[in-house]
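S.K.: What follows is final27.txt, made up of compact mmCIF, C-alpha atoms:
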# COMPACT_ATOMS: atom_id res chain seq x y z
CA MET A 1 110.32 81.99 157.71
CA LYS A 2 109.63 80.10 154.48
CA LYS A 3 110.10 76.34 154.19
CA LEU A 4 110.67 74.21 151.10
CA ILE A 5 110.35 70.46 151.64
CA LEU A 6 111.93 68.24 148.99
CA VAL A 7 111.17 64.52 148.93
CA ARG A 8 112.50 61.95 146.51
CA HIS A 9 109.93 59.26 145.70
CA GLY A 10 109.94 55.98 147.61
CA GLU A 11 111.49 52.79 146.29
CA SER A 12 110.19 51.95 142.82
CA GLU A 13 109.98 48.56 141.15
CA TRP A 14 112.99 49.39 139.02
CA ASN A 15 114.93 50.75 142.01
CA LYS A 16 114.45 47.31 143.55
CA MET A 17 115.66 45.64 140.34
CA ASN A 18 118.56 48.14 140.06
CA LEU A 19 117.52 49.33 136.60
CA PHE A 20 117.92 52.77 135.04
CA THR A 21 114.47 54.34 135.06
CA GLY A 22 114.53 57.94 133.83
CA TRP A 23 111.24 58.89 132.15
CA THR A 24 109.94 55.30 132.22
CA ASP A 25 106.74 55.31 134.28
CA VAL A 26 107.42 52.71 136.96
CA ASP A 27 105.27 52.08 140.03
CA LEU A 28 106.28 52.03 143.69
CA THR A 29 107.00 48.81 145.54
CA SER A 30 105.16 48.04 148.76
CA LEU A 31 108.28 49.25 150.58
CA GLY A 32 108.18 52.47 148.57
CA MET A 33 104.57 53.05 149.60
CA ALA A 34 105.45 52.41 153.25
CA GLU A 35 108.49 54.72 153.05
CA ALA A 36 106.32 57.52 151.69
CA TYR A 37 103.65 57.08 154.37
CA LEU A 38 106.29 57.10 157.12
CA ALA A 39 107.79 60.30 155.66
CA GLY A 40 104.36 61.91 155.95
CA ARG A 41 103.91 60.74 159.54
CA LEU A 42 107.33 62.10 160.43
CA MET A 43 106.55 65.51 158.93
CA LYS A 44 103.23 65.63 160.74
CA ASP A 45 104.80 64.64 164.07
CA GLU A 46 107.48 67.31 163.62
CA GLY A 47 104.87 70.01 163.02
CA TYR A 48 105.27 70.55 159.28
CA ARG A 49 102.16 71.57 157.39
CA PRO A 50 102.63 72.47 153.72
CA THR A 51 99.80 74.27 151.98
CA LEU A 52 100.81 73.69 148.33
CA CYS A 53 102.41 70.72 146.57
CA PHE A 54 104.27 70.09 143.32
CA THR A 55 105.17 66.82 141.66
CA SER A 56 106.12 65.32 138.30
CA TYR A 57 104.10 63.43 135.68
CA LEU A 58 105.54 60.08 136.81
CA LYS A 59 103.46 57.79 139.01
CA ARG A 60 106.24 56.93 141.47
CA ALA A 61 106.39 60.58 142.49
CA VAL A 62 102.63 61.13 142.33
CA LYS A 63 101.91 58.09 144.50
CA THR A 64 104.62 59.08 146.98
CA LEU A 65 102.98 62.48 147.34
CA ASN A 66 99.57 60.86 147.78
CA GLN A 67 100.89 58.64 150.58
CA ILE A 68 102.55 61.58 152.31
CA LEU A 69 99.39 63.66 152.20
CA ASP A 70 97.31 60.74 153.44
CA ALA A 71 99.64 60.28 156.40
CA MET A 72 99.42 64.00 157.19
CA ASP A 73 95.61 64.17 156.76
CA LEU A 74 96.20 66.77 154.05
CA ASP A 75 94.70 64.91 151.07
CA TYR A 76 92.77 68.02 150.09
CA LEU A 77 95.83 70.16 149.37
CA PRO A 78 96.23 71.64 145.88
CA VAL A 79 98.77 69.79 143.74
CA GLU A 80 100.44 71.06 140.59
CA LYS A 81 102.07 68.55 138.23
CA SER A 82 104.75 69.36 135.67
CA TRP A 83 106.85 67.30 133.28
CA ARG A 84 109.68 69.69 134.14
CA LEU A 85 109.98 67.93 137.50
CA ASN A 86 110.46 64.53 135.82
CA GLU A 87 113.59 62.50 136.43
CA LYS A 88 116.63 62.97 134.21
CA SER A 89 116.26 61.04 130.96
CA TYR A 90 118.75 58.19 130.90
CA GLY A 91 118.15 57.69 127.18
CA ALA A 92 119.08 54.26 125.86
CA LEU A 93 120.19 53.13 129.35
CA GLN A 94 116.56 53.08 130.55
CA GLY A 95 115.62 49.53 131.51
CA LYS A 96 119.25 48.34 131.75
CA ASN A 97 120.78 46.94 134.94
CA LYS A 98 123.25 49.36 136.56
CA ALA A 99 125.69 46.71 137.75
CA GLU A 100 125.77 44.99 134.37
CA THR A 101 126.25 48.36 132.67
CA GLN A 102 129.20 49.04 134.98
CA GLU A 103 130.74 45.68 134.12
CA LYS A 104 130.42 46.46 130.41
CA TYR A 105 131.57 50.09 130.33
CA GLY A 106 133.54 50.49 133.58
CA LYS A 107 132.91 52.30 136.84
CA GLU A 108 134.23 55.66 135.66
CA GLN A 109 131.97 55.80 132.61
CA LEU A 110 128.94 54.68 134.58
CA THR A 111 129.58 57.34 137.23
CA LEU A 112 129.73 60.00 134.52
CA TRP A 113 126.43 58.83 133.01
CA ARG A 114 124.73 58.61 136.41
CA ARG A 115 126.09 61.56 138.34
CA SER A 116 128.15 64.01 136.26
CA TYR A 117 126.98 67.49 135.40
CA ASP A 118 127.46 67.53 131.64
CA VAL A 119 127.91 63.99 130.26
CA GLN A 120 124.84 62.53 128.54
CA PRO A 121 124.07 58.80 128.41
CA PRO A 122 123.54 57.29 124.92
CA ALA A 123 120.41 58.78 123.35
CA LEU A 124 117.19 57.02 122.41
CA ALA A 125 116.43 56.76 118.72
CA ALA A 126 113.45 58.82 117.59
CA ASP A 127 111.39 55.66 116.90
CA ASP A 128 112.42 53.80 120.05
CA PRO A 129 109.33 52.49 121.88
CA ARG A 130 110.72 54.07 125.06
CA SER A 131 110.58 57.52 123.46
CA PRO A 132 108.42 60.10 125.29
CA ARG A 133 107.15 61.17 121.87
CA LEU A 134 104.92 58.09 121.96
CA ASP A 135 103.45 58.91 125.38
CA PRO A 136 100.17 60.88 125.25
CA ARG A 137 100.90 62.78 128.46
CA TYR A 138 103.55 64.73 126.52
CA ASN A 139 101.43 65.51 123.45
CA GLU A 140 101.50 69.23 124.19
CA LEU A 141 105.30 69.36 124.08
CA SER A 142 107.40 70.02 120.99
CA ASP A 143 110.06 67.58 119.82
CA ALA A 144 112.68 70.07 120.98
CA GLU A 145 111.32 69.92 124.53
CA LEU A 146 111.24 66.12 124.73
CA PRO A 147 114.60 64.67 125.80
CA MET A 148 116.04 61.60 124.13
CA THR A 149 118.79 61.73 126.79
CA GLU A 150 119.95 64.24 129.38
CA ALA A 151 122.94 65.18 131.46
CA LEU A 152 122.18 66.83 134.79
CA LYS A 153 122.93 70.15 133.08
CA ASP A 154 120.03 69.52 130.68
CA THR A 155 117.69 68.51 133.51
CA ILE A 156 118.51 71.75 135.31
CA ALA A 157 117.96 73.76 132.13
CA ARG A 158 114.35 72.55 131.77
CA LEU A 159 113.68 72.41 135.51
CA MET A 160 114.91 75.71 136.91
CA PRO A 161 112.71 78.04 134.80
CA TYR A 162 109.73 76.21 136.35
CA TYR A 163 111.24 76.39 139.83
CA GLU A 164 112.02 80.10 139.48
CA GLY A 165 108.87 81.03 137.57
CA VAL A 166 106.23 78.94 139.38
CA ILE A 167 107.45 77.40 142.65
CA LEU A 168 109.37 80.36 144.09
CA PRO A 169 106.61 82.91 143.36
CA ALA A 170 104.17 80.63 145.21
CA PHE A 171 105.93 81.62 148.43
CA GLN A 172 104.13 84.95 148.13
CA GLN A 173 100.95 83.14 149.24
CA HIS A 174 102.42 80.09 151.00
CA ASP A 175 104.93 79.70 153.83
CA GLU A 176 105.48 75.97 153.39
CA ILE A 177 105.71 74.17 150.04
CA LEU A 178 106.23 70.45 149.36
CA VAL A 179 107.94 69.18 146.18
CA VAL A 180 107.99 65.43 145.53
CA ALA A 181 110.12 64.47 142.56
CA HIS A 182 113.18 62.42 141.62
CA GLY A 183 116.83 61.96 142.50
CA ASN A 184 118.24 64.03 139.67
CA SER A 185 115.56 66.68 139.35
CA LEU A 186 115.94 67.32 143.07
CA ARG A 187 119.75 67.28 142.77
CA GLY A 188 119.33 70.07 140.23
CA ILE A 189 117.36 72.19 142.69
CA VAL A 190 119.80 71.44 145.52
CA LYS A 191 122.84 72.24 143.36
CA THR A 192 121.38 75.64 142.56
CA LEU A 193 120.18 76.44 146.10
CA LYS A 194 123.47 75.48 147.73
CA GLY A 195 125.74 76.83 145.01
CA MET A 196 127.43 73.45 144.56
CA SER A 197 130.15 73.07 141.94
CA ASN A 198 129.91 70.65 139.01
CA GLU A 199 132.41 68.43 140.84
CA GLU A 200 130.60 68.51 144.17
CA ILE A 201 127.30 67.38 142.65
CA ILE A 202 128.87 64.15 141.35
CA GLY A 203 129.18 62.79 144.89
CA PHE A 204 125.84 64.10 146.16
CA ASN A 205 123.08 61.49 146.54
CA ILE A 206 119.51 61.98 147.75
CA PRO A 207 117.88 59.10 149.69
CA THR A 208 114.40 57.82 148.92
CA ALA A 209 111.43 59.21 150.85
CA VAL A 210 113.41 61.34 153.33
CA PRO A 211 112.13 64.91 153.81
CA TYR A 212 114.87 67.41 152.96
CA ILE A 213 114.04 70.76 154.58
CA PHE A 214 115.21 74.14 153.29
CA GLU A 215 114.50 77.18 155.45
CA PHE A 216 114.55 80.70 153.98
CA ASP A 217 114.07 84.18 155.38
CA ASP A 218 111.20 86.28 154.03
CA GLN A 219 113.43 87.45 151.14
CA LEU A 220 114.03 83.78 150.22
CA ASN A 221 117.65 83.80 151.27
CA LEU A 222 118.64 80.28 152.32
CA GLN A 223 119.26 80.04 156.08
CA LYS A 224 119.80 76.32 156.60
CA ASP A 225 119.00 72.88 155.18
CA PHE A 226 118.76 69.45 156.78
CA TYR A 227 117.24 65.99 156.43
CA LEU A 228 114.40 65.06 158.75
CA GLY A 229 114.80 61.77 160.58
CA ASN A 230 117.35 59.44 162.16
CA PRO A 231 120.83 60.38 160.86
CA GLU A 232 122.11 56.78 160.86
CA GLU A 233 119.13 55.49 158.90
CA ILE A 234 119.37 58.39 156.46
CA GLN A 235 123.08 57.69 155.88
CA LYS A 236 122.31 54.03 155.16
CA LYS A 237 119.83 55.16 152.51
CA ILE A 238 122.34 57.58 150.99
CA ASP A 239 124.98 54.82 150.88
CA GLY A 240 122.45 52.53 149.22
CA VAL A 241 121.90 55.04 146.43
CA LYS A 242 125.65 55.59 146.08
CA ASN A 243 126.40 51.86 145.77
CA GLN A 244 123.61 50.90 143.37
CA ALA A 245 126.06 50.05 140.58
CA ASN A 246 127.69 47.39 142.76
CA LYS A 247 124.60 45.25 143.27
CA LYS A 248 122.71 43.01 140.86
Let me see the structure of the file written as structure tokens.

M.R.:
Amino acid sequence: MKKLILVRHGESEWNKMNLFTGWTDVDLTSLGMAEAYLAGRLMKDEGYRPTLCFTSYLKRAVKTLNQILDAMDLDYLPVEKSWRLNEKSYGALQGKNKAETQEKYGKEQLTLWRRSYDVQPPALAADDPRSPRLDPRYNELSDAELPMTEALKDTIARLMPYYEGVILPAFQQHDEILVVAHGNSLRGIVKTLKGMSNEEIIGFNIPTAVPYIFEFDDQLNLQKDFYLGNPEEIQKKIDGVKNQANKK
């Protein structure tokens, strides 16, 4: 039996302010740190013990992983970071309030920008100070690789080669792998693993700091998937993500 554990980062400062974040490097709130630590304690109590970890280049995911490993007494585990696990780029929406954006453009348009498979938000200009071209952590990437905006389809296109070429092969040496990333990068993995349609993925939301377990047979055929924790509390978190555009 092989196990893949997916965890979306804990609450970030911009989650709390209800702002589009994307590739903006925003820190965790104190609640986000606590959420991450509790996720680690839960995994430890339930007998999970990953031996390899993956995360993105963004501190909200990195710090969530660090809190999880601290709670599990697994701080020594090897960790691989990749920009390909970064959140979807929200382009020119980054830093804007979701509720105010909905008021301006309408609920349908906002849903398409946030959740659809193939609709991109407005793009950043090349010289926009929010552009990843100005961030030294991406110096090794070409302009073609750096997104100025992304639909989920684009996130999947840059994510899945890494998942299939690096993460999946790691199961040859590891039975349990932990990936801590972001709502949309994880939605891309889940869409592919579960064979979800472009329409189904629109309504699929991943809660913050809740371990999402995927169990595979030795040939990496998916057997089952489930969230770890109290179902009522998990549903409240999912509803909170779903209703973000309705709160200021």

S.K.: Name the residues within 6 Å of (111.0, 63.7, 124.9), counting all atoms listed in the file in the file's coordinates, and put them as a list in words.

M.R.: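 Those residues, ordered by chain and then number, are Pro132, Arg133, Leu146, Pro147 and Met148 of chain A.
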
S.K.: Compare A:Thr55, A:Glu108, A:Ser89, A:Arg84 by their minimum atom-to-atom distance to A:Ser131, counting only C-alpha atoms, and give me the closest one.

M.R.: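 That would be A:Ser89, the residue with the smallest distance to A:Ser131.
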
S.K.: For each of A:Glu199, A:Glu13, A:Asp175, A:Glu145, take the minimum atom-to-atom distance to A:Met1, counting all atoms listed in the file, then give the residue where this is smallest.

M.R.: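 Answer, going by the shortest atom-to-atom distance: A:Asp175.
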
S.K.: Looking at A:Pro136, A:Gly195, A:Pro161, A:Gly240, which one is nearest to A:Leu222, with distances taken over all atoms listed in the file?

M.R.: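 So, comparing all the options, the nearest one is A:Gly195.
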
S.K.: In terms of the shortest atom-to-atom distance over all atoms listed in the file, which of A:Ala39, A:Met160, A:Leu19, A:Leu28 is closest to A:Leu228?

M.R.: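 Residue with the minimum atom-to-atom distance to A:Leu228: A:Ala39.
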
S.K.: When distances are computed from only C-alpha atoms, which of A:Met17, A:Val179, A:Lys107, A:Ile238 shows the smallest separation from A:Ile68?

M.R.: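 With only C-alpha atoms as the atom set, the closest residue is A:Val179.
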
S.K.: Enumerate, as number ranges by chain, the protein, DNA and RNA residues whose atoms approach (101.0, 70.8, 136.5) to within 10 Å, taking into account all atoms listed in the file and the coordinate frame of the file.

M.R.: A: 54-57, 79-85

S.K.: What's the separation between atom CA of A:Leu58 and atom CA of A:Asn230, in Å to one decimal place?

M.R.: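 According to the coordinates, atom CA of A:Leu58 and atom CA of A:Asn230 are separated by 28.0 Å.
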
S.K.: I need the residue nearest A:Leu6 from this list: A:Gln223, A:Gln172, A:Ser30, A:Ser185. Use only C-alpha atoms for the distance.

M.R.: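 Result for the nearest residue to A:Leu6: A:Ser185.
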
S.K.: To one decimal in Å, tell me the separation between atom CA of A:Ile189 and atom CA of A:Asn18.

M.R.: 24.2 Å

S.K.: Hey, can you check how far atom CA of A:Phe20 sits from atom CA of A:Arg187?

M.R.: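 Between atom CA of A:Phe20 and atom CA of A:Arg187 the gap works out to 16.5 Å.
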
S.K.: Near stretch 7-12 of chain A, within 10 Å and counting only C-alpha atoms, which residues show up once chain neighbours fewer than 6 positions away are dropped, as JSON, numbers by chain?

M.R.: {"A": [18, 19, 21, 25, 26, 27, 28, 29, 30, 31, 32, 33, 34, 35, 36, 37, 39, 55, 58, 59, 60, 61, 62, 63, 64, 65, 67, 68, 178, 179, 180, 181, 182, 183, 184, 185, 186, 187, 206, 207, 208, 209, 210, 211, 212, 213, 227]}

S.K.: Identify, on the basis of all atoms listed in the file, every residue whose closest approach to A:Gln120 does not exceed 12 Å; exclude the query and any residue fewer than 5 positions from it along the same chain; express the result as a list in words.

M.R.: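 Near A:Gln120, the qualifying residues are Lys88, Ser89, Tyr90, Gly91, Ala92, Leu93, Gln109, Leu110, Thr111, Leu112, Trp113, Arg114, Arg115, Pro147, Met148, Thr149, Glu150, Ala151, Leu152, Lys153, Asp154 and Thr155 of chain A.
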
S.K.: For A:Asp45, find every residue with an atom within 12 Å (counting all atoms listed in the file), except residues of its own chain fewer than 5 positions away, and show them as a PyMOL selection string.

M.R.: chain A and resi 38-40+71-73+228-229

S.K.: Quick one: what's the axis-aligned box for stretch 172-185 of chain A, all listed atoms, 8 Å on every side, centre and edges in Å to one decimal, as AutoDock Vina command-line options?

M.R.:
--center_x 109.6 --center_y 73.5 --center_z 146.6 --size_x 33.3 --size_y 39.0 --size_z 30.5
